[in-house]
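Peer 1: Structure provided below as structure tokens; questions to follow.
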Amino acid sequence: MKKVSIIIPIYNTEKYLERCLSSVCNQTYENLEIICIDDGSTDQSGEIAEEFRQKDSRIILKHQENSGESAARNSGLVLSSGDYIGFIDCDDWIEAGMYEKLVEELEKSNADIAISGWYKDTLSESIKIKNEKEVEESIFTGKKLLRYLYERDSYREFAYIWDKLYKRELLYDENGKMILFDMSLMLGADAVWLGRVALNVDKAVYVNKTFYHYIQREDSGCHSRDISRRLDWLKAYIDLIDIFYEKEISIEIIDLLKRFLVYHSAIVADMAYNQKNKDALAYCKKIITDYKDEYEKLNMDKPERIKWLSKILDYRL
């Protein structure tokens, strides 16, 4: 039976952590290596993880100084020894059959990566995230995977790193060096990592089942109103575009990335305008202007978005 390494970066989520770790320890697939990286938590998260380690010999627990989520994930990757690698955020949880099913589909199809679905959990409900377009086949090429990843409006299930299972061989570049998360980015390092790994995929399998529960918290990084953090999100996609040009990925895919970059640049521009941050507003408007044609071409069926973008470009400070 192949070993699955599950990497869980932990930081100050005592309210959610017990449910998260219980959901991993109770997986029906038992050959797990559960790697918990306590990234300098100042609440009871480290103690909760220690309690679980004492009860389950599959848990590897490392305590480190607070260095950020990317550093914690990198520590987990370096410690991992599994044939397959998965990620869980410490405030989320997974249903019991997730890894059994993903391993089964990877083995059956001899694919490099398995992708399943996810729920967005709020205080009152669990919302199943659905693709607008139907996935055309359950087994497909790496080239098709890039389309599913970056045609974001149509294939929302594909967006994140944590509802997937990766064959270990994917995680190394052409020089045999492990692909790690960029610790210089406060936001967006997971997007760059996923894009780099996706470039190594020859065959992918889509599992039309939903296992992962993403907990929507207003204080999470992706909801930050901190302009410097949000600018890192834009830099992540600029970096990814540069990587895709270097790897000679099709313009069709790169244009999808540019559309996503413009969309988020407009959101940050709106924040910068409201926070009276002239430099950030100018930077975002420059990105929007550079890729406005690609954005409009890919949003011809959504005139309200084009109108919104024009409004953002009219902002002045």
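Going by the structure tokens order, chains are called A, B, ..., each with residues numbered from 1, while ligands are numbered from 1 in the order shown.
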Quick one: pick out all strand (DSSP E or B) residues within range 204-247 of chain A from a backbone DSSP run and write them as a ChimeraX atom specification.
Peer 2: /A:204-215
Peer 1: Just N, CA and C atoms for this one: save the residues we selected as a PDB file, in the first residue's frame.
Peer 2:
```pdb
ATOM      1  N   ALA A 204      -3.834  13.636 -15.693  1.00  0.00           N
ATOM      2  CA  ALA A 204      -4.583  14.005 -14.487  1.00  0.00           C
ATOM      3  C   ALA A 204      -5.896  13.249 -14.465  1.00  0.00           C
ATOM      4  N   VAL A 205      -6.426  13.046 -13.252  1.00  0.00           N
ATOM      5  CA  VAL A 205      -7.725  12.388 -13.114  1.00  0.00           C
ATOM      6  C   VAL A 205      -8.627  13.264 -12.249  1.00  0.00           C
ATOM      7  N   TYR A 206      -9.828  13.499 -12.743  1.00  0.00           N
ATOM      8  CA  TYR A 206     -10.831  14.261 -12.011  1.00  0.00           C
ATOM      9  C   TYR A 206     -11.775  13.296 -11.323  1.00  0.00           C
ATOM     10  N   VAL A 207     -11.913  13.447 -10.013  1.00  0.00           N
ATOM     11  CA  VAL A 207     -12.778  12.594  -9.207  1.00  0.00           C
ATOM     12  C   VAL A 207     -14.031  13.405  -8.886  1.00  0.00           C
ATOM     13  N   ASN A 208     -15.133  13.030  -9.471  1.00  0.00           N
ATOM     14  CA  ASN A 208     -16.356  13.826  -9.352  1.00  0.00           C
ATOM     15  C   ASN A 208     -17.059  13.556  -8.016  1.00  0.00           C
ATOM     16  N   LYS A 209     -16.318  13.812  -6.937  1.00  0.00           N
ATOM     17  CA  LYS A 209     -16.844  13.681  -5.584  1.00  0.00           C
ATOM     18  C   LYS A 209     -16.287  14.833  -4.758  1.00  0.00           C
ATOM     19  N   THR A 210     -16.973  15.168  -3.673  1.00  0.00           N
ATOM     20  CA  THR A 210     -16.592  16.318  -2.865  1.00  0.00           C
ATOM     21  C   THR A 210     -16.259  15.866  -1.447  1.00  0.00           C
ATOM     22  N   PHE A 211     -15.035  16.194  -1.009  1.00  0.00           N
ATOM     23  CA  PHE A 211     -14.543  15.724   0.290  1.00  0.00           C
ATOM     24  C   PHE A 211     -14.051  16.840   1.199  1.00  0.00           C
ATOM     25  N   TYR A 212     -13.532  17.905   0.631  1.00  0.00           N
ATOM     26  CA  TYR A 212     -12.783  18.907   1.393  1.00  0.00           C
ATOM     27  C   TYR A 212     -13.713  20.039   1.826  1.00  0.00           C
ATOM     28  N   HIS A 213     -13.616  20.414   3.114  1.00  0.00           N
ATOM     29  CA  HIS A 213     -14.424  21.496   3.661  1.00  0.00           C
ATOM     30  C   HIS A 213     -13.520  22.691   3.978  1.00  0.00           C
ATOM     31  N   TYR A 214     -13.660  23.722   3.159  1.00  0.00           N
ATOM     32  CA  TYR A 214     -12.912  24.962   3.344  1.00  0.00           C
ATOM     33  C   TYR A 214     -13.721  25.890   4.252  1.00  0.00           C
ATOM     34  N   ILE A 215     -13.116  26.322   5.340  1.00  0.00           N
ATOM     35  CA  ILE A 215     -13.791  27.186   6.299  1.00  0.00           C
ATOM     36  C   ILE A 215     -13.531  28.642   5.929  1.00  0.00           C
TER      37      ILE A 215
END
```
Peer 1: When you look at Ser184 in chain A with a cut-off of 9 Å (counting only C-alpha atoms), what residues show up, excluding the ones that are within fewer than 4 positions of it in the same chain? I need them as a VMD selection string.
Peer 2: chain A and resid 70 189 232
Peer 1: Measuring between only C-alpha atoms, which one of A:Cys90, A:Ile34, A:Asp112, A:Gln27 shows the shortest distance to Glu14 in chain A?
Peer 2: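 Closest residue, counting only C-alpha atoms: A:Cys90.
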Peer 1: Given only C-alpha atoms as the basis, pick out the residue of A:Ile129, A:Ile288, A:Met186, A:Ile35 nearest to Glu50 in chain A.
Peer 2: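 Among A:Ile129, A:Ile288, A:Met186, A:Ile35, it is A:Ile35 that comes nearest to Glu50 in chain A.
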Peer 1: Might you pull out every residue within 12 Å of Lys285 in chain A, with only C-alpha atoms counted and same-chain residues fewer than 2 positions away left off, and present them as a PyMOL selection string?
Peer 2: chain A and resi 261-270+272-273+278-283+287-292+309-316
Peer 1: Could the residues in this selection be written to a file with N, CA and C atoms, as a CSV table (one decimal), in the first residue's frame?
Peer 2:
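Produced file part.csv, reproduced below:
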```
chain,number,residue,atom,x,y,z
A,261,LEU,N,-5.2,38.1,-13.3
A,261,LEU,CA,-4.4,39.2,-12.7
A,261,LEU,C,-5.1,40.5,-12.8
A,262,VAL,N,-5.7,40.8,-13.9
A,262,VAL,CA,-6.4,42.1,-14.1
A,262,VAL,C,-7.6,42.2,-13.1
A,263,TYR,N,-8.3,41.1,-12.9
A,263,TYR,CA,-9.4,41.1,-12.0
A,263,TYR,C,-9.0,41.4,-10.6
A,264,HIS,N,-7.9,40.7,-10.1
A,264,HIS,CA,-7.4,41.0,-8.8
A,264,HIS,C,-6.7,42.4,-8.7
A,265,SER,N,-6.1,42.8,-9.7
A,265,SER,CA,-5.5,44.2,-9.7
A,265,SER,C,-6.6,45.2,-9.5
A,266,ALA,N,-7.8,45.0,-10.1
A,266,ALA,CA,-8.9,45.9,-10.0
A,266,ALA,C,-9.4,45.9,-8.5
A,267,ILE,N,-9.5,44.7,-7.9
A,267,ILE,CA,-9.9,44.7,-6.5
A,267,ILE,C,-8.9,45.4,-5.6
A,268,VAL,N,-7.6,45.2,-5.9
A,268,VAL,CA,-6.6,45.9,-5.0
A,268,VAL,C,-6.6,47.4,-5.3
A,269,ALA,N,-6.9,47.8,-6.6
A,269,ALA,CA,-7.0,49.2,-6.9
A,269,ALA,C,-8.1,49.9,-6.2
A,270,ASP,N,-9.2,49.2,-6.1
A,270,ASP,CA,-10.4,49.7,-5.3
A,270,ASP,C,-10.0,49.9,-3.9
A,272,ALA,N,-6.9,50.4,-2.7
A,272,ALA,CA,-5.9,51.5,-2.7
A,272,ALA,C,-6.6,52.8,-2.8
A,273,TYR,N,-7.6,52.9,-3.6
A,273,TYR,CA,-8.4,54.2,-3.8
A,273,TYR,C,-9.0,54.6,-2.4
A,278,LYS,N,-1.8,56.2,-3.1
A,278,LYS,CA,-1.6,56.6,-4.5
A,278,LYS,C,-0.7,55.7,-5.3
A,279,ASP,N,0.4,55.3,-4.7
A,279,ASP,CA,1.4,54.4,-5.4
A,279,ASP,C,0.8,53.1,-5.7
A,280,ALA,N,0.0,52.5,-4.8
A,280,ALA,CA,-0.6,51.2,-5.1
A,280,ALA,C,-1.6,51.3,-6.2
A,281,LEU,N,-2.4,52.4,-6.1
A,281,LEU,CA,-3.4,52.6,-7.2
A,281,LEU,C,-2.8,52.7,-8.5
A,282,ALA,N,-1.7,53.5,-8.6
A,282,ALA,CA,-1.0,53.6,-9.9
A,282,ALA,C,-0.4,52.3,-10.4
A,283,TYR,N,0.1,51.5,-9.5
A,283,TYR,CA,0.7,50.2,-9.9
A,283,TYR,C,-0.4,49.3,-10.4
A,287,ILE,N,-1.0,47.7,-14.4
A,287,ILE,CA,-1.2,46.3,-14.7
A,287,ILE,C,-2.5,46.1,-15.6
A,288,ILE,N,-3.6,46.8,-15.1
A,288,ILE,CA,-4.9,46.7,-15.8
A,288,ILE,C,-4.7,47.3,-17.2
A,289,THR,N,-4.0,48.4,-17.4
A,289,THR,CA,-3.8,48.9,-18.7
A,289,THR,C,-3.1,48.0,-19.6
A,290,ASP,N,-2.0,47.4,-19.1
A,290,ASP,CA,-1.2,46.5,-19.9
A,290,ASP,C,-2.0,45.3,-20.4
A,291,TYR,N,-2.9,44.8,-19.6
A,291,TYR,CA,-3.6,43.5,-20.0
A,291,TYR,C,-5.1,43.7,-20.2
A,292,LYS,N,-5.5,45.0,-20.4
A,292,LYS,CA,-6.9,45.3,-20.6
A,292,LYS,C,-7.5,44.6,-21.8
A,309,LEU,N,-14.4,47.6,-14.8
A,309,LEU,CA,-13.0,47.9,-15.0
A,309,LEU,C,-12.8,49.3,-15.4
A,310,SER,N,-13.6,49.9,-16.3
A,310,SER,CA,-13.5,51.2,-16.8
A,310,SER,C,-13.7,52.2,-15.6
A,311,LYS,N,-14.6,51.9,-14.7
A,311,LYS,CA,-14.8,52.7,-13.5
A,311,LYS,C,-13.5,52.7,-12.6
A,312,ILE,N,-12.8,51.6,-12.5
A,312,ILE,CA,-11.6,51.5,-11.7
A,312,ILE,C,-10.5,52.4,-12.4
A,313,LEU,N,-10.4,52.3,-13.7
A,313,LEU,CA,-9.4,53.1,-14.4
A,313,LEU,C,-9.7,54.6,-14.3
A,314,ASP,N,-10.9,55.0,-14.0
A,314,ASP,CA,-11.2,56.4,-13.8
A,314,ASP,C,-10.8,57.0,-12.5
A,315,TYR,N,-10.4,56.1,-11.5
A,315,TYR,CA,-10.0,56.6,-10.2
A,315,TYR,C,-8.8,57.5,-10.3
A,316,ARG,N,-8.9,58.6,-9.5
A,316,ARG,CA,-7.8,59.5,-9.4
A,316,ARG,C,-7.6,59.9,-7.9
```
Peer 1: Please return, as number ranges by chain, all residues of range 11-243 of chain A that DSSP assigns to alpha helix (DSSP H) on the basis of the backbone.
Peer 2: A: 14-25, 45-55, 69-79, 98-109, 142-150, 189-198, 227-243
Peer 1: What's the 10 Å shell around Lys144 in chain A, counting only C-alpha atoms, without same-chain residues fewer than 5 positions away, as a ChimeraX atom specification?
Peer 2: /A:136,139,149,202-204,253
Peer 1: Save the residues we just selected, N, CA and C atoms, as an mmCIF file, in the first residue's frame?
Peer 2:
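Final output, saved to out29.cif:
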```cif
data_model
loop_
_atom_site.group_PDB
_atom_site.id
_atom_site.type_symbol
_atom_site.label_atom_id
_atom_site.label_comp_id
_atom_site.auth_asym_id
_atom_site.auth_seq_id
_atom_site.Cartn_x
_atom_site.Cartn_y
_atom_site.Cartn_z
ATOM 1 N N GLU A 136 -14.852 17.654 -19.279
ATOM 2 C CA GLU A 136 -15.167 16.903 -20.491
ATOM 3 C C GLU A 136 -14.889 15.413 -20.377
ATOM 4 N N ILE A 139 -10.264 11.604 -17.213
ATOM 5 C CA ILE A 139 -8.811 11.492 -17.341
ATOM 6 C C ILE A 139 -8.383 12.364 -18.513
ATOM 7 N N LEU A 149 -7.450 24.736 -14.627
ATOM 8 C CA LEU A 149 -6.935 25.520 -13.503
ATOM 9 C C LEU A 149 -7.172 27.011 -13.683
ATOM 10 N N ASP A 202 1.664 14.949 -16.757
ATOM 11 C CA ASP A 202 1.356 14.336 -18.054
ATOM 12 C C ASP A 202 -0.097 13.895 -18.113
ATOM 13 N N LYS A 203 -0.581 13.330 -17.004
ATOM 14 C CA LYS A 203 -1.942 12.807 -16.970
ATOM 15 C C LYS A 203 -2.588 13.166 -15.630
ATOM 16 N N ALA A 204 -3.834 13.636 -15.693
ATOM 17 C CA ALA A 204 -4.583 14.005 -14.487
ATOM 18 C C ALA A 204 -5.896 13.249 -14.465
ATOM 19 N N ILE A 253 -3.578 29.961 -22.585
ATOM 20 C CA ILE A 253 -3.491 29.766 -21.137
ATOM 21 C C ILE A 253 -2.945 31.017 -20.465
#
```
Peer 1: Which is closer to Ala159 in chain A than all the others in A:Asn131, A:Ser81, A:Gln54, A:Thr141, using only C-alpha atoms?
Peer 2: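 Using only C-alpha atoms, Ala159 in chain A sits closest to A:Asn131.
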Peer 1: Counting only C-alpha atoms, which of A:Ala72, A:Cys20, A:Ile249, A:Ile113 gets nearest to Glu169 in chain A?
Peer 2: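 The closest residue to Glu169 in chain A is A:Ile113.
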Peer 1: Please compute the CA of Val197 in chain A-CA of Asn74 in chain A distance, one decimal, in Å.
Peer 2: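 For CA of Val197 in chain A relative to CA of Asn74 in chain A, the distance reads 14.2 Å.
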Peer 1: With distances taken over only C-alpha atoms, which residue among A:Gly97, A:Gly82, A:Gly76, A:Gly68 lies nearest Asn26 in chain A?
Peer 2: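 Checking each of A:Gly97, A:Gly82, A:Gly76, A:Gly68 against Asn26 in chain A, counting only C-alpha atoms, the winner is A:Gly97.
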Peer 1: Looking at only C-alpha atoms, which of A:Val24, A:Leu61, A:Ala49, A:Leu298 is the one that sits closest to Asp153 in chain A?
Peer 2: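 That would be A:Leu298, the residue with the smallest distance to Asp153 in chain A.
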